[in-house]
Amino acid sequence: MNKRDRRSFLQASAGILASSLSPAAFARLHLGVTPDDGAAVAADAAQTAQSGDRNEGRKPLRLGLIIGVGENPDSSLAKVHDLGLPTCQAFVDDFKPGLAERLRKALDKYGIEATSLVVGGPGKEVWDFYQGPLTIGLVPRETRAVRIEHIKKASDVAKQCGIPAVQTHCGFIPENPNDEAYRETVTAMREVAAYCKRNGQNFRYETGQETPITLVRAIQDVGMDNQGVNFDLANLILYGKANPLDAIELLGPYVQGLHAKDGLWPTNPKELGEEVPIGKGRVDFQRIITRLKELKYRGAITIEREISGAQQMEDVRAAKAYLERLIG
């Protein structure tokens, strides 16, 4: 499970199942929140996100599901609709001709708001401590150029579909800012963020492989005004990087999306922690949602369950009911 290729998981789950704080979130974009001292520093250093106003008039903390759309977006989104979820994050693996049109039609047909288009690869990605630094995201030199182009294709598809953000893992961003790989990765991040900006989108980094302070440093070094974070609560635990309750104080000004997922801390230094059903792990969802409300977060909460089969459907339904009780 910990070494599962995420694209394979999402492709499989599509068959079974089928924003937000701006970077200057608290002080800007009409969110009406006065930041505390720590958040104020981050907000001052942050950029103005383009998507903040897209949440105006929408229900805050609306639920959704991350799902692979495959070659048949209609089938995937029908299942999101049947679950009674108003939003989704659409994972797209291969940008074949006609996909954008089919995805747009399916979103319109079922009245589902796609909050981001999620992309990974191309090429091998191994979700662990050993092969992960060599294979995930924009950090590995060998695959960096082709992945930059892949993200740009995703941005073009998102533009055709009216999706406001492109989202990915950038990988194990080096903690040492003097590391040449850090500087190269920041340059790559800047290139794709700039491309997304020209397409009128935000570029979102999903948390996981890097510490929160490393991600904030990289965002600030990129220096673009359309960057954001997809705050994956469990990934911070699974990779042993941070407690989500602490991390939100650092990442809060940048959070534009959120993955509702649960997990356990690693106990073996050779293996990631275990992902578990929501409410069975170490994420304190009650306190996280309380804090999101305090910060006037108006984006989506997107359920993610990284298994396949009938149990995945049961866990998603249970997660929906659990989160609805907390959101109120």
# chains A, B, ... in the order shown; residues from 1 in each chain; ligands from 1
>>> select_by_dssp(residues="segment 138-232 of chain A", states="strand (DSSP E or B)", output="list of chain:residue names")
A:Ala165, A:Val166, A:Gln167, A:Thr168, A:Asn202, A:Phe203, A:Arg204, A:Tyr205, A:Glu206, A:Gln227, A:Gly228, A:Val229, A:Asn230, A:Phe231, A:Asp232
>>> residues_around(residues="Ala145 of chain A", least_positions_apart="4", cutoff="12 Å", atoms="only C-alpha atoms", output="number ranges by chain")
A: 121-123, 137-141, 149-152, 184-185, 187-189, 191-192
>>> write_last_selection(atoms="N, CA, C and O atoms", output="PDB file, in the first residue's frame")
ATOM      1  N   GLY A 121       3.664  12.201 -12.698  1.00  0.00           N
ATOM      2  CA  GLY A 121       4.466  11.614 -13.763  1.00  0.00           C
ATOM      3  C   GLY A 121       4.757  12.609 -14.867  1.00  0.00           C
ATOM      4  O   GLY A 121       4.728  13.827 -14.637  1.00  0.00           O
ATOM      5  N   PRO A 122       5.049  12.091 -16.085  1.00  0.00           N
ATOM      6  CA  PRO A 122       5.067  10.683 -16.481  1.00  0.00           C
ATOM      7  C   PRO A 122       6.308   9.975 -15.972  1.00  0.00           C
ATOM      8  O   PRO A 122       7.240  10.610 -15.477  1.00  0.00           O
ATOM      9  N   GLY A 123       6.289   8.671 -16.112  1.00  0.00           N
ATOM     10  CA  GLY A 123       7.410   7.878 -15.656  1.00  0.00           C
ATOM     11  C   GLY A 123       7.175   7.308 -14.273  1.00  0.00           C
ATOM     12  O   GLY A 123       6.182   7.589 -13.608  1.00  0.00           O
ATOM     13  N   GLY A 137       8.061  13.710  -8.645  1.00  0.00           N
ATOM     14  CA  GLY A 137       7.950  15.146  -8.873  1.00  0.00           C
ATOM     15  C   GLY A 137       9.022  15.757  -9.745  1.00  0.00           C
ATOM     16  O   GLY A 137       9.578  15.125 -10.654  1.00  0.00           O
ATOM     17  N   LEU A 138       9.324  17.023  -9.459  1.00  0.00           N
ATOM     18  CA  LEU A 138      10.240  17.819 -10.270  1.00  0.00           C
ATOM     19  C   LEU A 138      11.677  17.793  -9.756  1.00  0.00           C
ATOM     20  O   LEU A 138      12.552  18.397 -10.367  1.00  0.00           O
ATOM     21  N   VAL A 139      11.913  17.106  -8.650  1.00  0.00           N
ATOM     22  CA  VAL A 139      13.270  17.067  -8.094  1.00  0.00           C
ATOM     23  C   VAL A 139      14.221  16.220  -8.935  1.00  0.00           C
ATOM     24  O   VAL A 139      15.328  16.661  -9.255  1.00  0.00           O
ATOM     25  N   PRO A 140      13.846  15.007  -9.373  1.00  0.00           N
ATOM     26  CA  PRO A 140      14.785  14.182 -10.139  1.00  0.00           C
ATOM     27  C   PRO A 140      15.143  14.816 -11.492  1.00  0.00           C
ATOM     28  O   PRO A 140      14.259  15.162 -12.283  1.00  0.00           O
ATOM     29  N   ARG A 141      16.417  14.982 -11.750  1.00  0.00           N
ATOM     30  CA  ARG A 141      16.860  15.637 -12.980  1.00  0.00           C
ATOM     31  C   ARG A 141      16.455  14.856 -14.233  1.00  0.00           C
ATOM     32  O   ARG A 141      16.120  15.453 -15.261  1.00  0.00           O
ATOM     33  N   GLU A 149       6.789  19.596 -19.091  1.00  0.00           N
ATOM     34  CA  GLU A 149       5.904  19.630 -20.259  1.00  0.00           C
ATOM     35  C   GLU A 149       4.573  18.954 -19.964  1.00  0.00           C
ATOM     36  O   GLU A 149       3.520  19.390 -20.458  1.00  0.00           O
ATOM     37  N   HIS A 150       4.595  17.909 -19.159  1.00  0.00           N
ATOM     38  CA  HIS A 150       3.363  17.211 -18.788  1.00  0.00           C
ATOM     39  C   HIS A 150       2.449  18.118 -17.971  1.00  0.00           C
ATOM     40  O   HIS A 150       1.228  18.153 -18.189  1.00  0.00           O
ATOM     41  N   ILE A 151       3.023  18.869 -17.050  1.00  0.00           N
ATOM     42  CA  ILE A 151       2.236  19.800 -16.254  1.00  0.00           C
ATOM     43  C   ILE A 151       1.662  20.908 -17.140  1.00  0.00           C
ATOM     44  O   ILE A 151       0.517  21.347 -16.941  1.00  0.00           O
ATOM     45  N   LYS A 152       2.427  21.343 -18.105  1.00  0.00           N
ATOM     46  CA  LYS A 152       1.922  22.364 -19.028  1.00  0.00           C
ATOM     47  C   LYS A 152       0.735  21.837 -19.832  1.00  0.00           C
ATOM     48  O   LYS A 152      -0.243  22.565 -20.067  1.00  0.00           O
ATOM     49  N   GLU A 184      17.566  24.136  -8.622  1.00  0.00           N
ATOM     50  CA  GLU A 184      17.011  23.635  -9.881  1.00  0.00           C
ATOM     51  C   GLU A 184      15.509  23.372  -9.761  1.00  0.00           C
ATOM     52  O   GLU A 184      14.740  23.672 -10.681  1.00  0.00           O
ATOM     53  N   THR A 185      15.107  22.809  -8.632  1.00  0.00           N
ATOM     54  CA  THR A 185      13.689  22.521  -8.438  1.00  0.00           C
ATOM     55  C   THR A 185      12.868  23.797  -8.353  1.00  0.00           C
ATOM     56  O   THR A 185      11.769  23.889  -8.925  1.00  0.00           O
ATOM     57  N   THR A 187      13.563  26.587  -9.802  1.00  0.00           N
ATOM     58  CA  THR A 187      13.479  27.092 -11.178  1.00  0.00           C
ATOM     59  C   THR A 187      12.390  26.358 -11.955  1.00  0.00           C
ATOM     60  O   THR A 187      11.612  26.981 -12.698  1.00  0.00           O
ATOM     61  N   ALA A 188      12.306  25.035 -11.784  1.00  0.00           N
ATOM     62  CA  ALA A 188      11.272  24.255 -12.466  1.00  0.00           C
ATOM     63  C   ALA A 188       9.886  24.627 -11.959  1.00  0.00           C
ATOM     64  O   ALA A 188       8.935  24.762 -12.745  1.00  0.00           O
ATOM     65  N   MET A 189       9.754  24.797 -10.657  1.00  0.00           N
ATOM     66  CA  MET A 189       8.477  25.206 -10.078  1.00  0.00           C
ATOM     67  C   MET A 189       8.050  26.552 -10.623  1.00  0.00           C
ATOM     68  O   MET A 189       6.872  26.771 -10.939  1.00  0.00           O
ATOM     69  N   GLU A 191       8.816  27.842 -13.514  1.00  0.00           N
ATOM     70  CA  GLU A 191       8.422  27.709 -14.917  1.00  0.00           C
ATOM     71  C   GLU A 191       6.987  27.234 -15.058  1.00  0.00           C
ATOM     72  O   GLU A 191       6.209  27.785 -15.857  1.00  0.00           O
ATOM     73  N   VAL A 192       6.605  26.209 -14.279  1.00  0.00           N
ATOM     74  CA  VAL A 192       5.241  25.703 -14.420  1.00  0.00           C
ATOM     75  C   VAL A 192       4.231  26.650 -13.783  1.00  0.00           C
ATOM     76  O   VAL A 192       3.109  26.802 -14.285  1.00  0.00           O
TER      77      VAL A 192
END
>>> closest_residue(among="A:Phe95, A:Tyr182, A:Lys124, A:Asp108", to="Ala154 of chain A", atoms="only C-alpha atoms")
A:Phe95
>>> atom_distance(atom1="atom CA of Ile248 of chain A", atom2="atom CA of Arg144 of chain A")
28.9 Å
>>> closest_residue(among="A:Asn199, A:Thr302, A:Thr267, A:Gln89", to="Val69 of chain A", atoms="only C-alpha atoms")
A:Gln89
>>> closest_residue(among="A:Ser155, A:Ile66, A:Leu77, A:Glu271", to="Arg102 of chain A", atoms="only C-alpha atoms")
A:Leu77
>>> residues_around(residues="Cys88 of chain A", least_positions_apart="2", cutoff="9 Å", atoms="only C-alpha atoms", output="PyMOL selection string")
chain A and resi 63-67+77+80+85-86+90+112-116+300+302-303
>>> write_last_selection(atoms="N, CA, C and O atoms", output="CSV table (one decimal), in the first residue's frame")
chain,number,residue,atom,x,y,z
A,63,LEU,N,-17.7,19.4,0.5
A,63,LEU,CA,-17.0,18.2,0.4
A,63,LEU,C,-16.8,17.8,-1.0
A,63,LEU,O,-17.5,18.2,-1.9
A,64,GLY,N,-15.7,16.9,-1.3
A,64,GLY,CA,-15.5,16.4,-2.6
A,64,GLY,C,-14.7,15.2,-2.5
A,64,GLY,O,-14.4,14.6,-1.5
A,65,LEU,N,-14.3,14.7,-3.7
A,65,LEU,CA,-13.5,13.4,-3.8
A,65,LEU,C,-12.4,13.6,-4.9
A,65,LEU,O,-12.7,14.2,-5.9
A,66,ILE,N,-11.2,13.1,-4.6
A,66,ILE,CA,-10.2,13.0,-5.7
A,66,ILE,C,-10.4,11.7,-6.4
A,66,ILE,O,-10.6,10.7,-5.8
A,67,ILE,N,-10.5,11.8,-7.7
A,67,ILE,CA,-10.8,10.6,-8.5
A,67,ILE,C,-10.1,10.7,-9.9
A,67,ILE,O,-10.0,11.8,-10.5
A,77,LEU,N,-17.4,10.7,-12.9
A,77,LEU,CA,-18.1,11.8,-12.3
A,77,LEU,C,-19.6,11.4,-11.9
A,77,LEU,O,-20.2,12.0,-11.0
A,80,VAL,N,-19.2,10.2,-8.4
A,80,VAL,CA,-19.1,11.3,-7.5
A,80,VAL,C,-20.5,11.9,-7.2
A,80,VAL,O,-20.8,12.2,-6.1
A,85,LEU,N,-21.6,14.3,-3.5
A,85,LEU,CA,-20.5,15.2,-3.3
A,85,LEU,C,-20.5,16.3,-4.4
A,85,LEU,O,-20.5,15.9,-5.6
A,86,PRO,N,-20.5,17.5,-4.0
A,86,PRO,CA,-20.6,18.6,-5.0
A,86,PRO,C,-19.3,19.0,-5.7
A,86,PRO,O,-19.3,19.7,-6.7
A,90,ALA,N,-9.9,16.3,-10.1
A,90,ALA,CA,-9.9,15.3,-11.2
A,90,ALA,C,-8.4,15.0,-11.5
A,90,ALA,O,-7.6,15.8,-11.9
A,112,ILE,N,-20.9,19.2,-11.1
A,112,ILE,CA,-19.8,19.0,-10.2
A,112,ILE,C,-18.8,20.1,-10.4
A,112,ILE,O,-18.4,20.4,-11.5
A,113,GLU,N,-18.3,20.7,-9.3
A,113,GLU,CA,-17.3,21.7,-9.4
A,113,GLU,C,-15.9,21.0,-9.2
A,113,GLU,O,-15.6,20.4,-8.2
A,114,ALA,N,-15.1,21.1,-10.3
A,114,ALA,CA,-13.7,20.6,-10.2
A,114,ALA,C,-12.8,21.7,-9.6
A,114,ALA,O,-12.6,22.7,-10.3
A,115,THR,N,-12.3,21.4,-8.5
A,115,THR,CA,-11.5,22.5,-7.8
A,115,THR,C,-10.1,22.5,-8.2
A,115,THR,O,-9.4,23.5,-8.1
A,116,SER,N,-9.6,21.3,-8.8
A,116,SER,CA,-8.3,21.3,-9.3
A,116,SER,C,-8.1,20.1,-10.3
A,116,SER,O,-8.9,19.2,-10.2
A,300,ALA,N,-12.7,23.8,-0.6
A,300,ALA,CA,-13.3,22.4,-0.5
A,300,ALA,C,-12.4,21.6,0.4
A,300,ALA,O,-11.3,21.8,0.7
A,302,THR,N,-11.5,17.7,0.3
A,302,THR,CA,-11.6,16.6,-0.7
A,302,THR,C,-11.2,15.3,0.0
A,302,THR,O,-10.0,15.1,0.4
A,303,ILE,N,-12.1,14.3,0.0
A,303,ILE,CA,-11.8,13.0,0.6
A,303,ILE,C,-10.9,12.2,-0.3
A,303,ILE,O,-11.0,12.2,-1.6
>>> residues_around(residues="Lys96 of chain A", least_positions_apart="4", cutoff="10 Å", atoms="only C-alpha atoms", output="ChimeraX atom specification")
/A:70-71,92,100
>>> write_last_selection(atoms="N, CA, C and O atoms", output="mmCIF file, in the first residue's frame")
data_model
loop_
_atom_site.group_PDB
_atom_site.id
_atom_site.type_symbol
_atom_site.label_atom_id
_atom_site.label_comp_id
_atom_site.auth_asym_id
_atom_site.auth_seq_id
_atom_site.Cartn_x
_atom_site.Cartn_y
_atom_site.Cartn_z
ATOM 1 N N GLY A 70 -9.695 8.841 -16.015
ATOM 2 C CA GLY A 70 -9.420 7.885 -17.075
ATOM 3 C C GLY A 70 -9.849 8.397 -18.435
ATOM 4 O O GLY A 70 -9.755 9.596 -18.728
ATOM 5 N N GLU A 71 -10.327 7.495 -19.266
ATOM 6 C CA GLU A 71 -10.795 7.877 -20.602
ATOM 7 C C GLU A 71 -12.296 8.107 -20.627
ATOM 8 O O GLU A 71 -12.850 8.480 -21.657
ATOM 9 N N VAL A 92 -5.822 13.346 -13.882
ATOM 10 C CA VAL A 92 -5.707 12.999 -15.295
ATOM 11 C C VAL A 92 -4.310 12.460 -15.545
ATOM 12 O O VAL A 92 -3.309 13.114 -15.231
ATOM 13 N N ALA A 100 -10.426 16.742 -22.849
ATOM 14 C CA ALA A 100 -10.881 17.984 -22.230
ATOM 15 C C ALA A 100 -12.371 18.211 -22.497
ATOM 16 O O ALA A 100 -13.120 18.591 -21.584
#
>>> closest_residue(among="A:Lys105, A:Lys293, A:Arg305, A:Lys159", to="Asn235 of chain A", atoms="only C-alpha atoms")
A:Arg305
>>> residues_around(residues="Ala78 of chain A", least_positions_apart="5", cutoff="10 Å", atoms="only C-alpha atoms", output="PyMOL selection string")
chain A and resi 17-18+73+83-84+106-107+109-110+112
>>> atom_distance(atom1="atom CA of Leu61 of chain A", atom2="atom CA of Leu326 of chain A")
10.4 Å
>>> residues_around(residues="Tyr130 of chain A", least_positions_apart="4", cutoff="9 Å", atoms="only C-alpha atoms", output="PDB file with all heavy atoms, in the first residue's frame")
ATOM      1  N   VAL A 126       7.745   6.192  -7.123  1.00  0.00           N
ATOM      2  CA  VAL A 126       7.643   5.218  -6.032  1.00  0.00           C
ATOM      3  C   VAL A 126       7.457   5.988  -4.737  1.00  0.00           C
ATOM      4  O   VAL A 126       8.282   6.824  -4.373  1.00  0.00           O
ATOM      5  CB  VAL A 126       8.903   4.333  -5.941  1.00  0.00           C
ATOM      6  CG1 VAL A 126       8.755   3.308  -4.822  1.00  0.00           C
ATOM      7  CG2 VAL A 126       9.153   3.630  -7.281  1.00  0.00           C
ATOM      8  N   LEU A 134      14.212   9.745  -5.599  1.00  0.00           N
ATOM      9  CA  LEU A 134      14.793   9.562  -6.930  1.00  0.00           C
ATOM     10  C   LEU A 134      13.753   9.589  -8.045  1.00  0.00           C
ATOM     11  O   LEU A 134      14.126   9.687  -9.221  1.00  0.00           O
ATOM     12  CB  LEU A 134      15.546   8.227  -6.992  1.00  0.00           C
ATOM     13  CG  LEU A 134      16.652   8.008  -5.951  1.00  0.00           C
ATOM     14  CD1 LEU A 134      17.225   6.602  -6.081  1.00  0.00           C
ATOM     15  CD2 LEU A 134      17.752   9.054  -6.104  1.00  0.00           C
ATOM     16  N   LYS A 270      12.269   2.535   7.438  1.00  0.00           N
ATOM     17  CA  LYS A 270      12.382   2.157   6.036  1.00  0.00           C
ATOM     18  C   LYS A 270      11.043   2.232   5.297  1.00  0.00           C
ATOM     19  O   LYS A 270      10.990   2.081   4.077  1.00  0.00           O
ATOM     20  CB  LYS A 270      12.945   0.735   5.913  1.00  0.00           C
ATOM     21  CG  LYS A 270      14.356   0.578   6.436  1.00  0.00           C
ATOM     22  CD  LYS A 270      14.854  -0.852   6.244  1.00  0.00           C
ATOM     23  CE  LYS A 270      16.258  -1.021   6.820  1.00  0.00           C
ATOM     24  NZ  LYS A 270      17.250  -0.190   6.130  1.00  0.00           N
ATOM     25  N   GLU A 271       9.947   2.465   6.032  1.00  0.00           N
ATOM     26  CA  GLU A 271       8.629   2.442   5.413  1.00  0.00           C
ATOM     27  C   GLU A 271       7.788   3.632   5.852  1.00  0.00           C
ATOM     28  O   GLU A 271       7.881   4.076   7.005  1.00  0.00           O
ATOM     29  CB  GLU A 271       7.883   1.152   5.793  1.00  0.00           C
ATOM     30  CG  GLU A 271       8.551  -0.118   5.307  1.00  0.00           C
ATOM     31  CD  GLU A 271       7.796  -1.369   5.734  1.00  0.00           C
ATOM     32  OE1 GLU A 271       6.766  -1.216   6.446  1.00  0.00           O
ATOM     33  OE2 GLU A 271       8.224  -2.474   5.362  1.00  0.00           O
TER      34      GLU A 271
END
>>> residues_around(residues="Tyr205 of chain A", least_positions_apart="5", cutoff="6 Å", atoms="only C-alpha atoms", output="list in words")
Gln167, Thr168, His169, Val229 and Asn230 of chain A
>>> atom_distance(atom1="atom CA of Leu258 of chain A", atom2="atom CA of Asp232 of chain A")
5.7 Å
